[in-house]
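> Following this line is upload_24.cif, made up of mmCIF, N, CA, C and O atoms:
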```
data_structure
#
loop_
_atom_site.label_atom_id
_atom_site.label_comp_id
_atom_site.auth_asym_id
_atom_site.auth_seq_id
_atom_site.Cartn_x
_atom_site.Cartn_y
_atom_site.Cartn_z
N MET V 1 0.84 -1.18 0.00
CA MET V 1 0.00 0.00 0.00
C MET V 1 0.89 1.25 0.00
O MET V 1 1.77 1.41 0.83
N LYS V 2 0.64 2.14 -0.95
CA LYS V 2 1.41 3.38 -1.05
C LYS V 2 0.91 4.38 0.00
O LYS V 2 -0.27 4.44 0.31
N PRO V 3 1.82 5.17 0.54
CA PRO V 3 1.40 6.19 1.51
C PRO V 3 0.65 7.33 0.80
O PRO V 3 0.79 7.52 -0.42
N ILE V 4 -0.12 8.08 1.58
CA ILE V 4 -0.80 9.26 1.04
C ILE V 4 0.27 10.28 0.63
O ILE V 4 1.24 10.51 1.35
N LEU V 5 0.11 10.85 -0.54
CA LEU V 5 1.03 11.85 -1.06
C LEU V 5 0.43 13.24 -0.84
O LEU V 5 -0.73 13.48 -1.20
N TYR V 6 1.20 14.14 -0.26
CA TYR V 6 0.77 15.52 -0.06
C TYR V 6 1.55 16.39 -1.03
O TYR V 6 2.78 16.31 -1.09
N LYS V 7 0.83 17.21 -1.80
CA LYS V 7 1.49 18.01 -2.83
C LYS V 7 0.64 19.23 -3.16
O LYS V 7 -0.49 19.34 -2.72
N ARG V 8 1.21 20.11 -3.96
CA ARG V 8 0.46 21.25 -4.47
C ARG V 8 -0.37 20.80 -5.67
O ARG V 8 0.11 20.00 -6.49
N ALA V 9 -1.57 21.29 -5.76
CA ALA V 9 -2.41 20.97 -6.92
C ALA V 9 -1.76 21.57 -8.16
O ALA V 9 -1.32 22.72 -8.15
N SER V 10 -1.71 20.77 -9.22
CA SER V 10 -1.01 21.25 -10.42
C SER V 10 -1.73 20.93 -11.72
O SER V 10 -1.29 21.38 -12.78
N THR V 11 -2.81 20.17 -11.66
CA THR V 11 -3.50 19.81 -12.91
C THR V 11 -4.98 20.14 -12.81
O THR V 11 -5.56 20.24 -11.72
N LEU V 12 -5.60 20.28 -13.97
CA LEU V 12 -7.03 20.51 -14.03
C LEU V 12 -7.79 19.33 -13.43
O LEU V 12 -8.78 19.52 -12.71
N ASP V 13 -7.31 18.12 -13.66
CA ASP V 13 -7.94 16.93 -13.09
C ASP V 13 -7.97 17.01 -11.56
O ASP V 13 -8.98 16.68 -10.94
N GLU V 14 -6.89 17.46 -10.96
CA GLU V 14 -6.85 17.58 -9.49
C GLU V 14 -7.85 18.63 -9.01
O GLU V 14 -8.54 18.42 -8.01
N LEU V 15 -7.96 19.74 -9.72
CA LEU V 15 -8.95 20.77 -9.35
C LEU V 15 -10.37 20.24 -9.50
O LEU V 15 -11.24 20.52 -8.66
N GLU V 16 -10.61 19.47 -10.54
CA GLU V 16 -11.94 18.86 -10.72
C GLU V 16 -12.25 17.88 -9.59
O GLU V 16 -13.39 17.80 -9.13
N GLN V 17 -11.25 17.15 -9.13
CA GLN V 17 -11.45 16.23 -8.01
C GLN V 17 -11.72 17.00 -6.71
O GLN V 17 -12.52 16.54 -5.87
N ILE V 18 -11.08 18.15 -6.53
CA ILE V 18 -11.39 19.00 -5.37
C ILE V 18 -12.86 19.40 -5.43
O ILE V 18 -13.59 19.29 -4.44
N ARG V 19 -13.29 19.85 -6.58
CA ARG V 19 -14.70 20.27 -6.77
C ARG V 19 -15.64 19.10 -6.46
O ARG V 19 -16.65 19.28 -5.78
N THR V 20 -15.32 17.92 -6.91
CA THR V 20 -16.15 16.74 -6.65
C THR V 20 -16.23 16.47 -5.14
O THR V 20 -17.31 16.22 -4.61
N LEU V 21 -15.09 16.54 -4.45
CA LEU V 21 -15.10 16.34 -2.99
C LEU V 21 -15.93 17.41 -2.29
O LEU V 21 -16.65 17.11 -1.33
N GLN V 22 -15.85 18.65 -2.76
CA GLN V 22 -16.66 19.71 -2.17
C GLN V 22 -18.15 19.37 -2.29
O GLN V 22 -18.89 19.50 -1.32
N LEU V 23 -18.55 18.95 -3.46
CA LEU V 23 -19.96 18.62 -3.68
C LEU V 23 -20.40 17.42 -2.85
O LEU V 23 -21.47 17.43 -2.25
N GLN V 24 -19.56 16.38 -2.80
CA GLN V 24 -19.89 15.17 -2.03
C GLN V 24 -20.03 15.47 -0.54
O GLN V 24 -20.79 14.80 0.14
N ASN V 25 -19.29 16.44 -0.05
CA ASN V 25 -19.26 16.72 1.38
C ASN V 25 -19.96 18.01 1.76
O ASN V 25 -19.78 18.52 2.87
N SER V 26 -20.78 18.54 0.86
CA SER V 26 -21.52 19.75 1.17
C SER V 26 -22.66 19.43 2.14
O SER V 26 -23.12 18.29 2.23
N SER V 27 -23.09 20.42 2.88
CA SER V 27 -24.06 20.20 3.96
C SER V 27 -25.37 19.58 3.46
O SER V 27 -26.00 18.84 4.20
N GLN V 28 -25.77 19.85 2.24
CA GLN V 28 -27.02 19.28 1.74
C GLN V 28 -26.88 17.84 1.25
O GLN V 28 -27.87 17.17 1.01
N ASN V 29 -25.65 17.34 1.17
CA ASN V 29 -25.43 15.99 0.66
C ASN V 29 -24.99 14.97 1.70
O ASN V 29 -24.67 13.84 1.35
N ILE V 30 -24.96 15.38 2.98
CA ILE V 30 -24.59 14.43 4.03
C ILE V 30 -25.63 14.47 5.14
O ILE V 30 -26.37 15.45 5.28
N SER V 31 -25.66 13.43 5.93
CA SER V 31 -26.64 13.32 7.01
C SER V 31 -26.31 14.26 8.17
O SER V 31 -25.16 14.68 8.33
N SER V 32 -27.29 14.54 9.00
CA SER V 32 -27.09 15.37 10.19
C SER V 32 -26.07 14.73 11.12
O SER V 32 -25.23 15.42 11.71
N GLU V 33 -26.12 13.42 11.24
CA GLU V 33 -25.18 12.69 12.08
C GLU V 33 -23.74 12.86 11.58
O GLU V 33 -22.82 13.13 12.35
N GLU V 34 -23.57 12.73 10.27
CA GLU V 34 -22.23 12.89 9.69
C GLU V 34 -21.73 14.33 9.85
O GLU V 34 -20.55 14.56 10.09
N LYS V 35 -22.64 15.30 9.73
CA LYS V 35 -22.26 16.70 9.94
C LYS V 35 -21.68 16.90 11.33
O LYS V 35 -20.66 17.58 11.50
N LEU V 36 -22.33 16.30 12.33
CA LEU V 36 -21.86 16.45 13.71
C LEU V 36 -20.54 15.74 13.94
O LEU V 36 -19.66 16.25 14.63
N GLN V 37 -20.37 14.57 13.36
CA GLN V 37 -19.16 13.77 13.59
C GLN V 37 -17.98 14.20 12.74
O GLN V 37 -16.84 14.22 13.20
N GLU V 38 -18.24 14.53 11.49
CA GLU V 38 -17.16 14.76 10.53
C GLU V 38 -17.05 16.20 10.05
O GLU V 38 -16.04 16.57 9.46
N GLY V 39 -18.10 16.98 10.23
CA GLY V 39 -18.12 18.32 9.65
C GLY V 39 -18.63 18.27 8.22
O GLY V 39 -19.04 17.22 7.73
N PHE V 40 -18.60 19.41 7.57
CA PHE V 40 -19.10 19.48 6.20
C PHE V 40 -18.46 20.68 5.50
O PHE V 40 -17.84 21.53 6.13
N VAL V 41 -18.65 20.74 4.20
CA VAL V 41 -18.12 21.82 3.38
C VAL V 41 -19.24 22.83 3.15
O VAL V 41 -20.33 22.46 2.75
N THR V 42 -18.95 24.08 3.42
CA THR V 42 -19.95 25.14 3.26
C THR V 42 -19.94 25.71 1.85
O THR V 42 -20.98 26.02 1.29
N VAL V 43 -18.77 25.85 1.26
CA VAL V 43 -18.61 26.56 -0.01
C VAL V 43 -18.20 25.59 -1.12
O VAL V 43 -17.35 24.72 -0.91
N GLN V 44 -18.81 25.77 -2.27
CA GLN V 44 -18.40 25.04 -3.45
C GLN V 44 -17.86 26.06 -4.46
O GLN V 44 -18.60 26.95 -4.88
N HIS V 45 -16.61 25.93 -4.81
CA HIS V 45 -15.97 26.83 -5.76
C HIS V 45 -16.18 26.32 -7.17
O HIS V 45 -16.22 25.11 -7.40
N SER V 46 -16.26 27.23 -8.12
CA SER V 46 -16.30 26.82 -9.53
C SER V 46 -14.88 26.38 -9.93
O SER V 46 -13.90 26.76 -9.29
N ILE V 47 -14.80 25.62 -10.99
CA ILE V 47 -13.49 25.21 -11.50
C ILE V 47 -12.69 26.45 -11.89
O ILE V 47 -11.49 26.54 -11.59
N ALA V 48 -13.34 27.42 -12.50
CA ALA V 48 -12.64 28.64 -12.92
C ALA V 48 -12.03 29.36 -11.72
O ALA V 48 -10.87 29.79 -11.77
N LEU V 49 -12.79 29.47 -10.63
CA LEU V 49 -12.26 30.15 -9.44
C LEU V 49 -11.16 29.32 -8.79
O LEU V 49 -10.15 29.86 -8.35
N LEU V 50 -11.33 28.00 -8.73
CA LEU V 50 -10.26 27.15 -8.20
C LEU V 50 -8.97 27.34 -8.99
O LEU V 50 -7.89 27.39 -8.41
N GLU V 51 -9.09 27.46 -10.31
CA GLU V 51 -7.90 27.67 -11.15
C GLU V 51 -7.25 29.02 -10.84
O GLU V 51 -6.03 29.10 -10.69
N GLN V 52 -8.05 30.07 -10.73
CA GLN V 52 -7.51 31.40 -10.44
C GLN V 52 -6.82 31.42 -9.09
O GLN V 52 -5.71 31.95 -8.95
N MET V 53 -7.48 30.85 -8.08
CA MET V 53 -6.91 30.80 -6.74
C MET V 53 -5.62 29.99 -6.74
O MET V 53 -4.63 30.37 -6.12
N ASN V 54 -5.62 28.86 -7.43
CA ASN V 54 -4.45 27.98 -7.48
C ASN V 54 -3.28 28.65 -8.18
O ASN V 54 -2.12 28.44 -7.80
N SER V 55 -3.56 29.47 -9.17
CA SER V 55 -2.49 30.21 -9.86
C SER V 55 -1.85 31.24 -8.94
O SER V 55 -0.65 31.47 -9.01
N ALA V 56 -2.67 31.84 -8.08
CA ALA V 56 -2.15 32.86 -7.15
C ALA V 56 -1.35 32.21 -6.02
O ALA V 56 -0.33 32.74 -5.60
N CYS V 57 -1.83 31.09 -5.52
CA CYS V 57 -1.15 30.36 -4.44
C CYS V 57 -1.72 28.93 -4.45
O CYS V 57 -2.90 28.74 -4.18
N ALA V 58 -0.87 27.98 -4.77
CA ALA V 58 -1.33 26.61 -5.01
C ALA V 58 -2.01 25.98 -3.80
O ALA V 58 -1.57 26.15 -2.67
N HIS V 59 -3.10 25.27 -4.08
CA HIS V 59 -3.81 24.51 -3.06
C HIS V 59 -2.97 23.29 -2.67
O HIS V 59 -2.20 22.77 -3.48
N ILE V 60 -3.15 22.82 -1.46
CA ILE V 60 -2.47 21.60 -1.02
C ILE V 60 -3.48 20.46 -1.08
O ILE V 60 -4.62 20.61 -0.63
N ILE V 61 -3.07 19.35 -1.65
CA ILE V 61 -3.96 18.20 -1.77
C ILE V 61 -3.30 16.96 -1.17
O ILE V 61 -2.09 16.87 -1.07
N ALA V 62 -4.16 16.02 -0.78
CA ALA V 62 -3.72 14.70 -0.35
C ALA V 62 -4.22 13.72 -1.41
O ALA V 62 -5.40 13.75 -1.78
N LYS V 63 -3.30 12.88 -1.91
CA LYS V 63 -3.67 11.93 -2.96
C LYS V 63 -3.40 10.51 -2.49
O LYS V 63 -2.35 10.22 -1.92
N ASP V 64 -4.35 9.64 -2.76
CA ASP V 64 -4.22 8.21 -2.55
C ASP V 64 -4.17 7.61 -3.94
O ASP V 64 -5.20 7.55 -4.62
N ASN V 65 -3.00 7.23 -4.38
CA ASN V 65 -2.75 6.86 -5.77
C ASN V 65 -3.10 8.06 -6.65
O ASN V 65 -2.54 9.11 -6.47
N ASP V 66 -4.07 7.93 -7.54
CA ASP V 66 -4.42 9.05 -8.42
C ASP V 66 -5.62 9.85 -7.92
O ASP V 66 -6.03 10.82 -8.57
N ALA V 67 -6.19 9.46 -6.79
CA ALA V 67 -7.40 10.11 -6.30
C ALA V 67 -7.08 11.18 -5.26
O ALA V 67 -6.37 10.93 -4.29
N VAL V 68 -7.65 12.37 -5.45
CA VAL V 68 -7.56 13.42 -4.43
C VAL V 68 -8.52 13.03 -3.31
O VAL V 68 -9.71 12.83 -3.54
N VAL V 69 -7.99 12.89 -2.10
CA VAL V 69 -8.80 12.46 -0.96
C VAL V 69 -8.92 13.54 0.12
O VAL V 69 -9.62 13.37 1.10
N GLY V 70 -8.22 14.64 -0.08
CA GLY V 70 -8.29 15.76 0.86
C GLY V 70 -7.66 16.99 0.24
O GLY V 70 -6.89 16.90 -0.71
N PHE V 71 -8.03 18.15 0.78
CA PHE V 71 -7.48 19.39 0.24
C PHE V 71 -7.51 20.50 1.28
O PHE V 71 -8.31 20.47 2.21
N ALA V 72 -6.60 21.45 1.10
CA ALA V 72 -6.60 22.70 1.87
C ALA V 72 -6.46 23.81 0.84
O ALA V 72 -5.45 23.90 0.14
N LEU V 73 -7.51 24.62 0.73
CA LEU V 73 -7.49 25.69 -0.27
C LEU V 73 -6.88 26.96 0.31
O LEU V 73 -7.04 27.25 1.49
N VAL V 74 -6.21 27.69 -0.55
CA VAL V 74 -5.67 28.99 -0.20
C VAL V 74 -6.51 30.02 -0.94
O VAL V 74 -6.60 30.00 -2.16
N MET V 75 -7.15 30.92 -0.17
CA MET V 75 -7.96 31.98 -0.77
C MET V 75 -7.41 33.31 -0.30
O MET V 75 -7.70 33.76 0.81
N LEU V 76 -6.56 33.90 -1.12
CA LEU V 76 -5.94 35.17 -0.77
C LEU V 76 -7.01 36.26 -0.71
O LEU V 76 -8.08 36.15 -1.32
N SER V 77 -6.71 37.34 0.00
CA SER V 77 -7.70 38.40 0.21
C SER V 77 -8.17 39.05 -1.09
O SER V 77 -9.26 39.60 -1.14
N GLY V 78 -7.40 38.94 -2.14
CA GLY V 78 -7.82 39.47 -3.43
C GLY V 78 -9.07 38.78 -3.98
O GLY V 78 -9.74 39.31 -4.87
N PHE V 79 -9.40 37.62 -3.44
CA PHE V 79 -10.59 36.87 -3.87
C PHE V 79 -11.77 37.08 -2.92
O PHE V 79 -12.79 36.41 -3.04
N ARG V 80 -11.65 37.98 -1.99
CA ARG V 80 -12.63 38.16 -0.91
C ARG V 80 -14.05 38.38 -1.39
O ARG V 80 -15.00 38.00 -0.72
N ASN V 81 -14.24 38.99 -2.54
CA ASN V 81 -15.59 39.29 -3.03
C ASN V 81 -16.14 38.23 -3.98
O ASN V 81 -17.25 38.38 -4.49
N GLU V 82 -15.40 37.17 -4.20
CA GLU V 82 -15.83 36.14 -5.15
C GLU V 82 -16.94 35.24 -4.61
O GLU V 82 -17.74 34.73 -5.37
N ILE V 83 -16.97 35.03 -3.30
CA ILE V 83 -17.98 34.16 -2.69
C ILE V 83 -18.59 34.93 -1.53
O ILE V 83 -17.95 35.15 -0.50
N LYS V 84 -19.85 35.35 -1.72
CA LYS V 84 -20.49 36.26 -0.77
C LYS V 84 -20.50 35.76 0.67
O LYS V 84 -20.29 36.52 1.60
N ILE V 85 -20.70 34.47 0.87
CA ILE V 85 -20.77 33.92 2.23
C ILE V 85 -19.44 34.07 2.98
O ILE V 85 -19.41 34.06 4.21
N LEU V 86 -18.33 34.24 2.24
CA LEU V 86 -17.02 34.37 2.88
C LEU V 86 -16.62 35.82 3.18
O LEU V 86 -15.64 36.05 3.88
N ILE V 87 -17.36 36.79 2.67
CA ILE V 87 -17.01 38.20 2.90
C ILE V 87 -16.93 38.51 4.40
O ILE V 87 -15.97 39.14 4.84
N PRO V 88 -17.91 38.08 5.23
CA PRO V 88 -17.79 38.36 6.67
C PRO V 88 -16.53 37.76 7.30
O PRO V 88 -15.95 38.34 8.21
N MET V 89 -16.07 36.63 6.79
CA MET V 89 -14.84 36.03 7.30
C MET V 89 -13.66 36.96 7.04
O MET V 89 -12.84 37.21 7.93
N PHE V 90 -13.58 37.48 5.82
CA PHE V 90 -12.49 38.39 5.48
C PHE V 90 -12.57 39.67 6.31
O PHE V 90 -11.55 40.20 6.74
N GLU V 91 -13.78 40.16 6.53
CA GLU V 91 -13.95 41.37 7.34
C GLU V 91 -13.49 41.12 8.78
O GLU V 91 -12.86 41.98 9.40
N ARG V 92 -13.79 39.95 9.29
CA ARG V 92 -13.35 39.61 10.65
C ARG V 92 -11.83 39.52 10.72
O ARG V 92 -11.20 39.98 11.67
N ILE V 93 -11.23 38.91 9.72
CA ILE V 93 -9.77 38.83 9.66
C ILE V 93 -9.17 40.23 9.62
O ILE V 93 -8.20 40.51 10.30
N ASP V 94 -9.79 41.11 8.82
CA ASP V 94 -9.32 42.50 8.77
C ASP V 94 -9.37 43.14 10.16
O ASP V 94 -8.45 43.85 10.55
N GLY V 95 -10.43 42.84 10.91
CA GLY V 95 -10.57 43.38 12.26
C GLY V 95 -9.48 42.88 13.18
O GLY V 95 -8.93 43.64 13.99
N PHE V 96 -9.13 41.61 13.08
CA PHE V 96 -8.05 41.06 13.90
C PHE V 96 -6.72 41.73 13.56
O PHE V 96 -5.93 42.03 14.43
N SER V 97 -6.51 41.94 12.26
CA SER V 97 -5.27 42.59 11.83
C SER V 97 -5.18 44.00 12.39
O SER V 97 -4.14 44.43 12.85
N THR V 98 -6.30 44.73 12.37
CA THR V 98 -6.33 46.09 12.90
C THR V 98 -6.10 46.08 14.40
O THR V 98 -5.33 46.88 14.93
N GLN V 99 -6.75 45.14 15.11
CA GLN V 99 -6.56 45.04 16.57
C GLN V 99 -5.09 44.76 16.90
O GLN V 99 -4.52 45.37 17.79
N ARG V 100 -4.51 43.84 16.17
CA ARG V 100 -3.11 43.48 16.42
C ARG V 100 -2.20 44.67 16.16
O ARG V 100 -1.28 44.95 16.92
N GLN V 101 -2.47 45.37 15.06
CA GLN V 101 -1.67 46.54 14.72
C GLN V 101 -1.79 47.60 15.82
O GLN V 101 -0.80 48.19 16.23
N ASN V 102 -3.01 47.81 16.33
CA ASN V 102 -3.22 48.79 17.39
C ASN V 102 -2.49 48.37 18.66
O ASN V 102 -1.90 49.20 19.34
N LEU V 103 -2.53 47.09 18.99
CA LEU V 103 -1.83 46.61 20.18
C LEU V 103 -0.33 46.82 20.04
O LEU V 103 0.33 47.24 20.99
N CYS V 104 0.19 46.54 18.88
CA CYS V 104 1.63 46.71 18.66
C CYS V 104 2.01 48.18 18.78
O CYS V 104 3.01 48.52 19.41
N CYS V 105 1.21 49.03 18.18
CA CYS V 105 1.52 50.47 18.23
C CYS V 105 1.38 51.00 19.65
O CYS V 105 2.22 51.77 20.12
N ASN V 106 0.33 50.61 20.38
CA ASN V 106 0.15 51.06 21.76
C ASN V 106 1.27 50.55 22.64
O ASN V 106 1.76 51.27 23.50
N GLY V 107 1.67 49.32 22.44
CA GLY V 107 2.77 48.75 23.21
C GLY V 107 4.07 49.51 22.96
O GLY V 107 4.83 49.78 23.87
N ALA V 108 4.28 49.90 21.72
CA ALA V 108 5.49 50.64 21.38
C ALA V 108 5.48 52.01 22.06
O ALA V 108 6.50 52.48 22.53
N ASN V 109 4.30 52.62 22.13
CA ASN V 109 4.19 53.93 22.76
C ASN V 109 4.44 53.84 24.27
O ASN V 109 4.98 54.75 24.86
N LEU V 110 4.03 52.75 24.89
CA LEU V 110 4.20 52.60 26.33
C LEU V 110 5.66 52.46 26.71
O LEU V 110 6.04 52.81 27.81
N ARG V 111 6.47 51.95 25.82
CA ARG V 111 7.88 51.70 26.13
C ARG V 111 8.72 52.98 26.09
O ARG V 111 9.83 52.99 26.52
N ARG V 112 8.21 54.02 25.53
CA ARG V 112 9.00 55.24 25.37
C ARG V 112 9.11 56.04 26.63
O ARG V 112 8.45 56.09 27.53
#
```
Produce structure tokens that represent the structure in this file.

Amino acid sequence: MKPILYKRASTLDELEQIRTLQLQNSSQNISSEEKLQEGFVTVQHSIALLEQMNSACAHIIAKDNDAVVGFALVMLSGFRNEIKILIPMFERIDGFSTQRQNLCCNGANLRR
């Protein structure tokens, strides 16, 4: 038995397999019990968007032989408006960045 291979997505076939996994594991396609035990996928990306995102920063995939069996997508902030349900996530991240920046600046002022 070959070990699971972890790599950057590099082919259209791999992106299509990511899309298939997203659909198979979306909240409307799994049972309530499975949602509680395993979780679920909220967002389904189009192949075109997966390609654009992958070009900007490659997705990480887990492959069992030729089959993609897991993935971690990278969605840079430049894609923030592409999927409406994710906009609040980006806004929250922006808030954390601002809070951190304020803490760093306030801390620097206290040391003077």
> I'd like the residues picked by the PyMOL selection byres ((chain V and resi 21) around 8) written out as a PyMOL selection string, using the chain letters and numbers from the file.
chain V and resi 14-20+22-26+40-41+43+68-70
> Work out how far atom CA of V:Val74 is from atom CA of V:Ile60, in Å to one decimal.
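Taking atom CA of V:Ile60 and atom CA of V:Val74, their separation equals 8.1 Å.
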> What is the distance, in Å and to one decimal place, between atom C of V:Thr11 and atom CA of V:Phe79?
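Value for the atom C of V:Thr11-atom CA of V:Phe79 distance: 19.8 Å.
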> Which is closer to V:Asn54 than all the others in V:Ile93, V:Ile87, V:Ala9, V:Leu36, using all atoms listed in the file?
V:Ala9
> As a PDB file with N, CA, C and O atoms, keeping the file's coordinate frame, please: every residue in chain V that a backbone DSSP assignment puts in strand (DSSP E).

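Result written to out-v1.pdb:
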```pdb
ATOM      1  N   LEU V   5       0.110  10.850  -0.540  1.00  0.00           N
ATOM      2  CA  LEU V   5       1.030  11.850  -1.060  1.00  0.00           C
ATOM      3  C   LEU V   5       0.430  13.240  -0.840  1.00  0.00           C
ATOM      4  O   LEU V   5      -0.730  13.480  -1.200  1.00  0.00           O
ATOM      5  N   TYR V   6       1.200  14.140  -0.260  1.00  0.00           N
ATOM      6  CA  TYR V   6       0.770  15.520  -0.060  1.00  0.00           C
ATOM      7  C   TYR V   6       1.550  16.390  -1.030  1.00  0.00           C
ATOM      8  O   TYR V   6       2.780  16.310  -1.090  1.00  0.00           O
ATOM      9  N   LYS V   7       0.830  17.210  -1.800  1.00  0.00           N
ATOM     10  CA  LYS V   7       1.490  18.010  -2.830  1.00  0.00           C
ATOM     11  C   LYS V   7       0.640  19.230  -3.160  1.00  0.00           C
ATOM     12  O   LYS V   7      -0.490  19.340  -2.720  1.00  0.00           O
ATOM     13  N   ARG V   8       1.210  20.110  -3.960  1.00  0.00           N
ATOM     14  CA  ARG V   8       0.460  21.250  -4.470  1.00  0.00           C
ATOM     15  C   ARG V   8      -0.370  20.800  -5.670  1.00  0.00           C
ATOM     16  O   ARG V   8       0.110  20.000  -6.490  1.00  0.00           O
ATOM     17  N   ILE V  60      -3.150  22.820  -1.460  1.00  0.00           N
ATOM     18  CA  ILE V  60      -2.470  21.600  -1.020  1.00  0.00           C
ATOM     19  C   ILE V  60      -3.480  20.460  -1.080  1.00  0.00           C
ATOM     20  O   ILE V  60      -4.620  20.610  -0.630  1.00  0.00           O
ATOM     21  N   ILE V  61      -3.070  19.350  -1.650  1.00  0.00           N
ATOM     22  CA  ILE V  61      -3.960  18.200  -1.770  1.00  0.00           C
ATOM     23  C   ILE V  61      -3.300  16.960  -1.170  1.00  0.00           C
ATOM     24  O   ILE V  61      -2.090  16.870  -1.070  1.00  0.00           O
ATOM     25  N   ALA V  62      -4.160  16.020  -0.780  1.00  0.00           N
ATOM     26  CA  ALA V  62      -3.720  14.700  -0.350  1.00  0.00           C
ATOM     27  C   ALA V  62      -4.220  13.720  -1.410  1.00  0.00           C
ATOM     28  O   ALA V  62      -5.400  13.750  -1.780  1.00  0.00           O
ATOM     29  N   LYS V  63      -3.300  12.880  -1.910  1.00  0.00           N
ATOM     30  CA  LYS V  63      -3.670  11.930  -2.960  1.00  0.00           C
ATOM     31  C   LYS V  63      -3.400  10.510  -2.490  1.00  0.00           C
ATOM     32  O   LYS V  63      -2.350  10.220  -1.920  1.00  0.00           O
ATOM     33  N   ASP V  64      -4.350   9.640  -2.760  1.00  0.00           N
ATOM     34  CA  ASP V  64      -4.220   8.210  -2.550  1.00  0.00           C
ATOM     35  C   ASP V  64      -4.170   7.610  -3.940  1.00  0.00           C
ATOM     36  O   ASP V  64      -5.200   7.550  -4.620  1.00  0.00           O
ATOM     37  N   ALA V  67      -6.190   9.460  -6.790  1.00  0.00           N
ATOM     38  CA  ALA V  67      -7.400  10.110  -6.300  1.00  0.00           C
ATOM     39  C   ALA V  67      -7.080  11.180  -5.260  1.00  0.00           C
ATOM     40  O   ALA V  67      -6.370  10.930  -4.290  1.00  0.00           O
ATOM     41  N   VAL V  68      -7.650  12.370  -5.450  1.00  0.00           N
ATOM     42  CA  VAL V  68      -7.560  13.420  -4.430  1.00  0.00           C
ATOM     43  C   VAL V  68      -8.520  13.030  -3.310  1.00  0.00           C
ATOM     44  O   VAL V  68      -9.710  12.830  -3.540  1.00  0.00           O
ATOM     45  N   VAL V  69      -7.990  12.890  -2.100  1.00  0.00           N
ATOM     46  CA  VAL V  69      -8.800  12.460  -0.960  1.00  0.00           C
ATOM     47  C   VAL V  69      -8.920  13.540   0.120  1.00  0.00           C
ATOM     48  O   VAL V  69      -9.620  13.370   1.100  1.00  0.00           O
ATOM     49  N   GLY V  70      -8.220  14.640  -0.080  1.00  0.00           N
ATOM     50  CA  GLY V  70      -8.290  15.760   0.860  1.00  0.00           C
ATOM     51  C   GLY V  70      -7.660  16.990   0.240  1.00  0.00           C
ATOM     52  O   GLY V  70      -6.890  16.900  -0.710  1.00  0.00           O
ATOM     53  N   PHE V  71      -8.030  18.150   0.780  1.00  0.00           N
ATOM     54  CA  PHE V  71      -7.480  19.390   0.240  1.00  0.00           C
ATOM     55  C   PHE V  71      -7.510  20.500   1.280  1.00  0.00           C
ATOM     56  O   PHE V  71      -8.310  20.470   2.210  1.00  0.00           O
ATOM     57  N   ALA V  72      -6.600  21.450   1.100  1.00  0.00           N
ATOM     58  CA  ALA V  72      -6.600  22.700   1.870  1.00  0.00           C
ATOM     59  C   ALA V  72      -6.460  23.810   0.840  1.00  0.00           C
ATOM     60  O   ALA V  72      -5.450  23.900   0.140  1.00  0.00           O
TER      61      ALA V  72
END
```
